[in-house]
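Below is start.cif, which holds mmCIF, C-alpha atoms.
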data_input
loop_
_atom_site.group_PDB
_atom_site.id
_atom_site.type_symbol
_atom_site.label_atom_id
_atom_site.label_comp_id
_atom_site.auth_asym_id
_atom_site.auth_seq_id
_atom_site.Cartn_x
_atom_site.Cartn_y
_atom_site.Cartn_z
ATOM 1 C CA MET A 1 8.439 6.856 -0.515
ATOM 2 C CA THR A 2 10.963 6.142 2.221
ATOM 3 C CA ALA A 3 14.557 6.877 1.263
ATOM 4 C CA PHE A 4 16.883 3.903 1.604
ATOM 5 C CA SER A 5 20.541 3.283 0.781
ATOM 6 C CA PRO A 6 21.728 3.155 -2.847
ATOM 7 C CA LEU A 7 22.118 -0.628 -2.565
ATOM 8 C CA VAL A 8 18.505 -1.057 -1.426
ATOM 9 C CA GLN A 9 17.377 1.135 -4.314
ATOM 10 C CA GLN A 10 19.423 -0.927 -6.784
ATOM 11 C CA ILE A 11 17.916 -4.182 -5.530
ATOM 12 C CA ASP A 12 14.427 -2.677 -5.511
ATOM 13 C CA ALA A 13 14.920 -1.587 -9.127
ATOM 14 C CA ILE A 14 15.493 -5.242 -10.057
ATOM 15 C CA LEU A 15 12.460 -6.634 -8.228
ATOM 16 C CA PRO A 16 9.190 -7.002 -10.200
ATOM 17 C CA GLN A 17 7.139 -4.573 -8.052
ATOM 18 C CA THR A 18 4.146 -6.903 -7.838
ATOM 19 C CA GLN A 19 3.956 -6.070 -4.087
ATOM 20 C CA CYS A 20 2.551 -9.575 -3.564
ATOM 21 C CA GLY A 21 4.271 -10.389 -0.258
ATOM 22 C CA LYS A 22 5.112 -13.930 -1.375
ATOM 23 C CA CYS A 23 8.745 -13.325 -0.419
ATOM 24 C CA GLY A 24 7.699 -13.052 3.215
ATOM 25 C CA TYR A 25 7.806 -9.241 3.309
ATOM 26 C CA CYS A 26 5.008 -6.702 2.817
ATOM 27 C CA GLY A 27 6.348 -5.421 -0.488
ATOM 28 C CA CYS A 28 9.291 -5.236 -2.859
ATOM 29 C CA GLU A 29 11.086 -2.398 -1.103
ATOM 30 C CA PRO A 30 11.021 -4.071 2.342
ATOM 31 C CA TYR A 31 12.327 -7.253 0.709
ATOM 32 C CA ALA A 32 15.103 -5.261 -0.981
ATOM 33 C CA LYS A 33 16.055 -3.783 2.376
ATOM 34 C CA ALA A 34 16.107 -7.268 3.929
ATOM 35 C CA ILE A 35 18.375 -8.591 1.165
ATOM 36 C CA ALA A 36 20.756 -5.647 1.530
ATOM 37 C CA SER A 37 21.015 -6.188 5.286
ATOM 38 C CA GLY A 38 21.528 -9.944 4.944
ATOM 39 C CA GLU A 39 18.236 -10.708 6.670
ATOM 40 C CA ALA A 40 16.703 -12.353 3.580
ATOM 41 C CA ASP A 41 18.105 -14.539 0.818
ATOM 42 C CA ILE A 42 18.130 -13.550 -2.855
ATOM 43 C CA ASN A 43 15.852 -16.407 -3.988
ATOM 44 C CA GLN A 44 12.526 -15.615 -2.321
ATOM 45 C CA CYS A 45 10.679 -13.819 -5.157
ATOM 46 C CA PRO A 46 8.375 -16.146 -7.165
ATOM 47 C CA PRO A 47 7.148 -13.469 -9.623
ATOM 48 C CA GLY A 48 10.735 -12.526 -10.455
ATOM 49 C CA GLY A 49 11.889 -16.131 -10.644
ATOM 50 C CA GLY A 50 15.273 -17.056 -12.016
ATOM 51 C CA THR A 51 15.670 -13.847 -14.014
ATOM 52 C CA VAL A 52 15.496 -11.626 -10.934
ATOM 53 C CA ILE A 53 17.633 -13.981 -8.868
ATOM 54 C CA HIS A 54 20.384 -13.916 -11.515
ATOM 55 C CA LYS A 55 20.347 -10.099 -11.581
ATOM 56 C CA ILE A 56 20.514 -9.752 -7.800
ATOM 57 C CA ALA A 57 23.242 -12.375 -7.567
ATOM 58 C CA ALA A 58 25.298 -10.455 -10.147
ATOM 59 C CA LEU A 59 24.725 -7.159 -8.343
ATOM 60 C CA LEU A 60 25.830 -8.564 -4.997
ATOM 61 C CA ASN A 61 28.514 -10.820 -6.472
ATOM 62 C CA HIS A 62 26.756 -13.843 -4.952
ATOM 63 C CA GLU A 63 26.364 -17.328 -6.337
ATOM 64 C CA TYR A 64 23.064 -17.977 -8.103
ATOM 65 C CA LYS A 65 20.473 -19.980 -6.166
ATOM 66 C CA PRO A 66 17.281 -21.441 -7.642
ATOM 67 C CA LEU A 67 13.977 -20.110 -6.340
ATOM 68 C CA ASN A 68 13.226 -21.418 -2.863
ATOM 69 C CA PRO A 69 10.053 -23.530 -3.280
ATOM 70 C CA GLN A 70 8.989 -22.507 0.211
ATOM 71 C CA PHE A 71 7.944 -19.149 -1.299
ATOM 72 C CA GLY A 72 6.316 -20.380 -4.504
ATOM 73 C CA VAL A 73 7.080 -21.485 -8.041
ATOM 74 C CA ASP A 74 8.463 -19.749 -11.094
ATOM 75 C CA GLN A 75 5.585 -19.605 -13.580
ATOM 76 C CA PRO A 76 4.252 -17.460 -16.451
ATOM 77 C CA MET A 77 2.539 -14.203 -15.602
ATOM 78 C CA GLU A 78 -1.098 -14.388 -14.483
ATOM 79 C CA ILE A 79 -3.699 -11.690 -13.901
ATOM 80 C CA ALA A 80 -6.919 -11.522 -11.897
ATOM 81 C CA VAL A 81 -10.390 -11.487 -13.422
ATOM 82 C CA ILE A 82 -13.711 -10.868 -11.667
ATOM 83 C CA ASP A 83 -16.854 -12.835 -12.462
ATOM 84 C CA GLU A 84 -19.320 -9.997 -13.017
ATOM 85 C CA GLN A 85 -22.310 -12.261 -12.425
ATOM 86 C CA ILE A 86 -21.173 -13.105 -8.891
ATOM 87 C CA CYS A 87 -19.535 -9.843 -7.746
ATOM 88 C CA ILE A 88 -21.582 -8.085 -5.042
ATOM 89 C CA GLY A 89 -19.617 -4.824 -5.037
ATOM 90 C CA CYS A 90 -18.215 -5.155 -1.521
ATOM 91 C CA THR A 91 -15.050 -3.137 -2.486
ATOM 92 C CA LEU A 92 -12.790 -5.411 -0.402
ATOM 93 C CA CYS A 93 -10.771 -6.343 -3.480
ATOM 94 C CA ILE A 94 -10.307 -2.668 -4.342
ATOM 95 C CA GLU A 95 -8.928 -2.009 -0.860
ATOM 96 C CA ALA A 96 -6.566 -4.991 -1.156
ATOM 97 C CA CYS A 97 -5.121 -4.145 -4.574
ATOM 98 C CA PRO A 98 -1.705 -2.496 -4.064
ATOM 99 C CA VAL A 99 -1.641 -0.791 -7.473
ATOM 100 C CA ASP A 100 -5.237 0.416 -7.944
ATOM 101 C CA ALA A 101 -5.846 -2.095 -10.744
ATOM 102 C CA ILE A 102 -9.475 -2.718 -9.722
ATOM 103 C CA ILE A 103 -12.250 -0.200 -10.283
ATOM 104 C CA GLY A 104 -15.865 -0.106 -9.163
ATOM 105 C CA ALA A 105 -18.210 1.464 -6.632
ATOM 106 C CA SER A 106 -19.893 0.121 -3.510
ATOM 107 C CA LYS A 107 -22.661 -2.367 -4.371
ATOM 108 C CA GLN A 108 -21.739 -2.085 -8.051
ATOM 109 C CA MET A 109 -19.884 -4.573 -10.212
ATOM 110 C CA HIS A 110 -16.085 -4.322 -10.087
ATOM 111 C CA THR A 111 -13.607 -5.014 -12.873
ATOM 112 C CA VAL A 112 -9.853 -5.483 -13.184
ATOM 113 C CA ILE A 113 -7.785 -3.196 -15.403
ATOM 114 C CA THR A 114 -5.812 -6.031 -16.966
ATOM 115 C CA ALA A 115 -2.976 -3.800 -18.153
ATOM 116 C CA ASN A 116 -2.338 -2.678 -14.559
ATOM 117 C CA CYS A 117 -2.764 -5.998 -12.731
ATOM 118 C CA THR A 118 0.497 -7.354 -11.284
ATOM 119 C CA GLY A 119 -0.898 -10.809 -10.560
ATOM 120 C CA CYS A 120 -0.235 -10.418 -6.827
ATOM 121 C CA GLU A 121 -3.387 -12.407 -5.880
ATOM 122 C CA LEU A 122 -3.991 -10.169 -2.838
ATOM 123 C CA CYS A 123 -7.544 -9.497 -4.013
ATOM 124 C CA ILE A 124 -8.553 -13.167 -3.768
ATOM 125 C CA PRO A 125 -8.532 -13.864 0.026
ATOM 126 C CA PRO A 126 -10.820 -10.958 1.069
ATOM 127 C CA CYS A 127 -13.495 -11.705 -1.569
ATOM 128 C CA PRO A 128 -16.540 -13.082 0.311
ATOM 129 C CA VAL A 129 -18.133 -14.688 -2.752
ATOM 130 C CA ASP A 130 -15.057 -16.194 -4.472
ATOM 131 C CA CYS A 131 -15.688 -14.311 -7.701
ATOM 132 C CA ILE A 132 -12.002 -13.686 -8.512
ATOM 133 C CA ARG A 133 -9.711 -16.095 -10.299
ATOM 134 C CA MET A 134 -6.315 -15.977 -11.963
ATOM 135 C CA ILE A 135 -5.846 -16.515 -15.703
ATOM 136 C CA PRO A 136 -2.742 -16.476 -17.946
ATOM 137 C CA ALA A 137 -1.712 -12.966 -18.930
ATOM 138 C CA ALA A 138 -1.617 -11.911 -22.567
ATOM 139 C CA HIS A 139 2.110 -11.266 -22.099
ATOM 140 C CA PRO A 140 3.536 -14.095 -19.949
ATOM 141 C CA VAL A 141 6.810 -12.289 -19.218
ATOM 142 C CA TRP A 142 6.793 -9.375 -16.742
ATOM 143 C CA SER A 143 9.090 -6.728 -18.220
ATOM 144 C CA GLN A 144 11.153 -4.004 -16.582
ATOM 145 C CA GLN A 145 8.761 -1.466 -18.071
ATOM 146 C CA ASP A 146 5.870 -3.277 -16.373
ATOM 147 C CA ALA A 147 7.746 -3.225 -13.060
ATOM 148 C CA ASP A 148 8.545 0.489 -13.289
ATOM 149 C CA ALA A 149 4.912 1.329 -14.081
ATOM 150 C CA ALA A 150 3.690 -0.839 -11.200
ATOM 151 C CA ARG A 151 6.070 0.882 -8.772
ATOM 152 C CA GLU A 152 4.712 4.279 -9.828
ATOM 153 C CA ARG A 153 1.098 3.160 -9.344
ATOM 154 C CA PHE A 154 1.977 1.658 -5.961
ATOM 155 C CA ASN A 155 3.621 4.886 -4.773
ATOM 156 C CA LEU A 156 0.744 7.031 -6.069
ATOM 157 C CA ARG A 157 -1.756 4.803 -4.263
ATOM 158 C CA ASN A 158 0.176 5.142 -1.001
ATOM 159 C CA LEU A 159 0.273 8.926 -1.356
ATOM 160 C CA ARG A 160 -3.465 9.002 -2.030
ATOM 161 C CA MET A 161 -4.194 6.833 1.005
ATOM 162 C CA GLN A 162 -2.030 9.050 3.219
ATOM 163 C CA ARG A 163 -3.838 12.139 1.953
ATOM 164 C CA GLU A 164 -7.243 10.564 2.527
ATOM 165 C CA GLN A 165 -6.249 9.539 6.051
ATOM 166 C CA GLN A 166 -5.075 13.076 6.840
ATOM 167 C CA GLU A 167 -8.318 14.530 5.489
ATOM 168 C CA LYS A 168 -10.312 12.067 7.585
ATOM 169 C CA GLU A 169 -8.397 13.012 10.735
ATOM 170 C CA GLN A 170 -8.895 16.718 10.020
ATOM 171 C CA LYS A 171 -12.653 16.245 9.614
ATOM 172 C CA LEU A 172 -12.837 14.305 12.876
ATOM 173 C CA ALA A 173 -10.861 17.027 14.652
ATOM 174 C CA GLN A 174 -13.168 19.726 13.282
ATOM 175 C CA LYS A 175 -16.223 17.739 14.306
ATOM 176 C CA ALA A 176 -14.878 17.279 17.824
ATOM 177 C CA GLY A 177 -14.278 21.018 18.164
ATOM 178 C CA PRO A 178 -11.364 22.741 19.931
ATOM 179 C CA ALA A 179 -9.570 20.725 22.565
ATOM 180 C CA HIS A 180 -10.395 21.485 26.193
ATOM 181 C CA ASP A 181 -7.743 23.748 27.735
ATOM 182 C CA PRO A 182 -7.994 23.874 31.583
ATOM 183 C CA LYS A 183 -5.756 26.963 31.786
ATOM 184 C CA LYS A 184 -7.886 28.826 29.286
ATOM 185 C CA THR A 185 -11.021 27.845 31.191
ATOM 186 C CA VAL A 186 -9.592 29.263 34.461
ATOM 187 C CA ILE A 187 -8.621 32.532 32.770
ATOM 188 C CA GLN A 188 -12.053 32.893 31.194
ATOM 189 C CA ALA A 189 -13.702 32.277 34.574
ATOM 190 C CA ALA A 190 -11.502 34.900 36.228
ATOM 191 C CA LEU A 191 -12.317 37.420 33.520
ATOM 192 C CA GLU A 192 -16.020 36.684 33.916
ATOM 193 C CA ARG A 193 -15.809 37.253 37.720
ATOM 194 C CA ALA A 194 -13.992 40.546 37.169
ATOM 195 C CA ARG A 195 -16.648 41.632 34.719
ATOM 196 C CA MET A 196 -19.418 40.791 37.195
ATOM 197 C CA ARG A 197 -17.609 42.783 39.952
ATOM 198 C CA ARG A 198 -17.411 45.826 37.708
ATOM 199 C CA ILE A 199 -21.111 45.551 36.969
ATOM 200 C CA SER A 200 -21.912 45.258 40.672
ATOM 201 C CA SER A 201 -19.757 48.287 41.604
ATOM 202 C CA GLN A 202 -21.499 50.411 38.999
ATOM 203 C CA ARG A 203 -24.921 49.761 40.492
#
Represent the supplied structure as structure tokens.
Amino acid sequence: MTAFSPLVQQIDAILPQTQCGKCGYCGCEPYAKAIASGEADINQCPPGGGTVIHKIAALLNHEYKPLNPQFGVDQPMEIAVIDEQICIGCTLCIEACPVDAIIGASKQMHTVITANCTGCELCIPPCPVDCIRMIPAAHPVWSQQDADAARERFNLRNLRMQREQQEKEQKLAQKAGPAHDPKKTVIQAALERARMRRISSQR
């Protein structure tokens, strides 16, 4: 996780950690950084709604502003569900989920871990068969405990993806073999010529 200023960390701690991007940024931490720098306003987070706006306004000693409708509406918590009869196991939703709340294997039915779903809706656009829909969550209010758990899952997912990318690059490098070194090639050729001269002189 990238280290930011204490103010960014304080704002990020208030945000719901749905990582939905509805605020116009690619996640909660980038949005927190934008608020701290004055680049973004405090009322761009639909999942957080009025509760989050009030907290950020108090932290920054700003006047409260209602949620900007340009970014969405303040509504009860929703979660994603997958129609098992339609799912083709393409794994695109798994790749899109920022908190690893979807499980399944290639060409096998996928399912959403409802307790981990943040309701970000990022799994819906990539689905080629429209088998994902949003339904009201069992607990309509997203708590601070939910947000903290979602942040941890998000960070763990990013670490896993970084590790997998590094392993992939290492395998490709091993498959390609050692890089060509012109200087080494010249030295080896010179050594080979010297060896051949010694053999010739011994005849």
(request) Step by step, work through what the PyMOL selection byres ((chain A and resi 45) around 12) selects in the shown file, and finish by giving those residues as a PyMOL selection string. (result) chain A and resi 12+14-25+27-28+31-32+35+40-44+46-54+56+65-75+120
Write to file, as a PDB file, keeping the file's coordinate frame, the residues of the selection just made, with C-alpha atoms.
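Listing of part-v1.pdb after writing:
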ATOM      1  CA  ASP A  12      14.427  -2.677  -5.511  1.00  0.00           C
ATOM      2  CA  ILE A  14      15.493  -5.242 -10.057  1.00  0.00           C
ATOM      3  CA  LEU A  15      12.460  -6.634  -8.228  1.00  0.00           C
ATOM      4  CA  PRO A  16       9.190  -7.002 -10.200  1.00  0.00           C
ATOM      5  CA  GLN A  17       7.139  -4.573  -8.052  1.00  0.00           C
ATOM      6  CA  THR A  18       4.146  -6.903  -7.838  1.00  0.00           C
ATOM      7  CA  GLN A  19       3.956  -6.070  -4.087  1.00  0.00           C
ATOM      8  CA  CYS A  20       2.551  -9.575  -3.564  1.00  0.00           C
ATOM      9  CA  GLY A  21       4.271 -10.389  -0.258  1.00  0.00           C
ATOM     10  CA  LYS A  22       5.112 -13.930  -1.375  1.00  0.00           C
ATOM     11  CA  CYS A  23       8.745 -13.325  -0.419  1.00  0.00           C
ATOM     12  CA  GLY A  24       7.699 -13.052   3.215  1.00  0.00           C
ATOM     13  CA  TYR A  25       7.806  -9.241   3.309  1.00  0.00           C
ATOM     14  CA  GLY A  27       6.348  -5.421  -0.488  1.00  0.00           C
ATOM     15  CA  CYS A  28       9.291  -5.236  -2.859  1.00  0.00           C
ATOM     16  CA  TYR A  31      12.327  -7.253   0.709  1.00  0.00           C
ATOM     17  CA  ALA A  32      15.103  -5.261  -0.981  1.00  0.00           C
ATOM     18  CA  ILE A  35      18.375  -8.591   1.165  1.00  0.00           C
ATOM     19  CA  ALA A  40      16.703 -12.353   3.580  1.00  0.00           C
ATOM     20  CA  ASP A  41      18.105 -14.539   0.818  1.00  0.00           C
ATOM     21  CA  ILE A  42      18.130 -13.550  -2.855  1.00  0.00           C
ATOM     22  CA  ASN A  43      15.852 -16.407  -3.988  1.00  0.00           C
ATOM     23  CA  GLN A  44      12.526 -15.615  -2.321  1.00  0.00           C
ATOM     24  CA  PRO A  46       8.375 -16.146  -7.165  1.00  0.00           C
ATOM     25  CA  PRO A  47       7.148 -13.469  -9.623  1.00  0.00           C
ATOM     26  CA  GLY A  48      10.735 -12.526 -10.455  1.00  0.00           C
ATOM     27  CA  GLY A  49      11.889 -16.131 -10.644  1.00  0.00           C
ATOM     28  CA  GLY A  50      15.273 -17.056 -12.016  1.00  0.00           C
ATOM     29  CA  THR A  51      15.670 -13.847 -14.014  1.00  0.00           C
ATOM     30  CA  VAL A  52      15.496 -11.626 -10.934  1.00  0.00           C
ATOM     31  CA  ILE A  53      17.633 -13.981  -8.868  1.00  0.00           C
ATOM     32  CA  HIS A  54      20.384 -13.916 -11.515  1.00  0.00           C
ATOM     33  CA  ILE A  56      20.514  -9.752  -7.800  1.00  0.00           C
ATOM     34  CA  LYS A  65      20.473 -19.980  -6.166  1.00  0.00           C
ATOM     35  CA  PRO A  66      17.281 -21.441  -7.642  1.00  0.00           C
ATOM     36  CA  LEU A  67      13.977 -20.110  -6.340  1.00  0.00           C
ATOM     37  CA  ASN A  68      13.226 -21.418  -2.863  1.00  0.00           C
ATOM     38  CA  PRO A  69      10.053 -23.530  -3.280  1.00  0.00           C
ATOM     39  CA  GLN A  70       8.989 -22.507   0.211  1.00  0.00           C
ATOM     40  CA  PHE A  71       7.944 -19.149  -1.299  1.00  0.00           C
ATOM     41  CA  GLY A  72       6.316 -20.380  -4.504  1.00  0.00           C
ATOM     42  CA  VAL A  73       7.080 -21.485  -8.041  1.00  0.00           C
ATOM     43  CA  ASP A  74       8.463 -19.749 -11.094  1.00  0.00           C
ATOM     44  CA  GLN A  75       5.585 -19.605 -13.580  1.00  0.00           C
ATOM     45  CA  CYS A 120      -0.235 -10.418  -6.827  1.00  0.00           C
TER      46      CYS A 120
END
(request) Using the chain letters and numbers from the file, give me the residues hit by the PyMOL selection byres ((chain A and resi 100) around 8), as number ranges by chain. (result) A: 94, 97-99, 101-103, 116, 153-154, 157
(request) Compile the contact shell of Ala105 in chain A as a VMD selection string: residues with an atom at most 7 Å away, counting only C-alpha atoms, same-chain residues fewer than 3 positions apart removed. (result) chain A and resid 89 91 108
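With all atoms listed in the file as the atoms that count, the residue of A:Gln165, A:Ser106, A:Thr118, A:Ser37 with the shortest distance to Ala149 in chain A is A:Thr118.
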(request) Around the point (-15.4, -8.2, -16.3) in the file's coordinates, collect all residues with an atom within 8 Å, using only C-alpha atoms, and return them as number ranges by chain. (result) A: 81-84, 110-112
(message) Translate the PyMOL selection byres ((chain A and resi 140) around 9) into a concrete residue list for this structure, as a PyMOL selection string.
(response) chain A and resi 75-78+136-139+141-142
(request) Work out how far CA of Cys127 in chain A is from CA of Glu95 in chain A, in Å to one decimal. (result) 10.7 Å
(message) To one decimal place in Å, what is the distance between CA of Gln9 in chain A and CA of Asn158 in chain A?
(response) 18.0 Å
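Going from CA of Gln162 in chain A to CA of Leu92 in chain A covers 18.4 Å.
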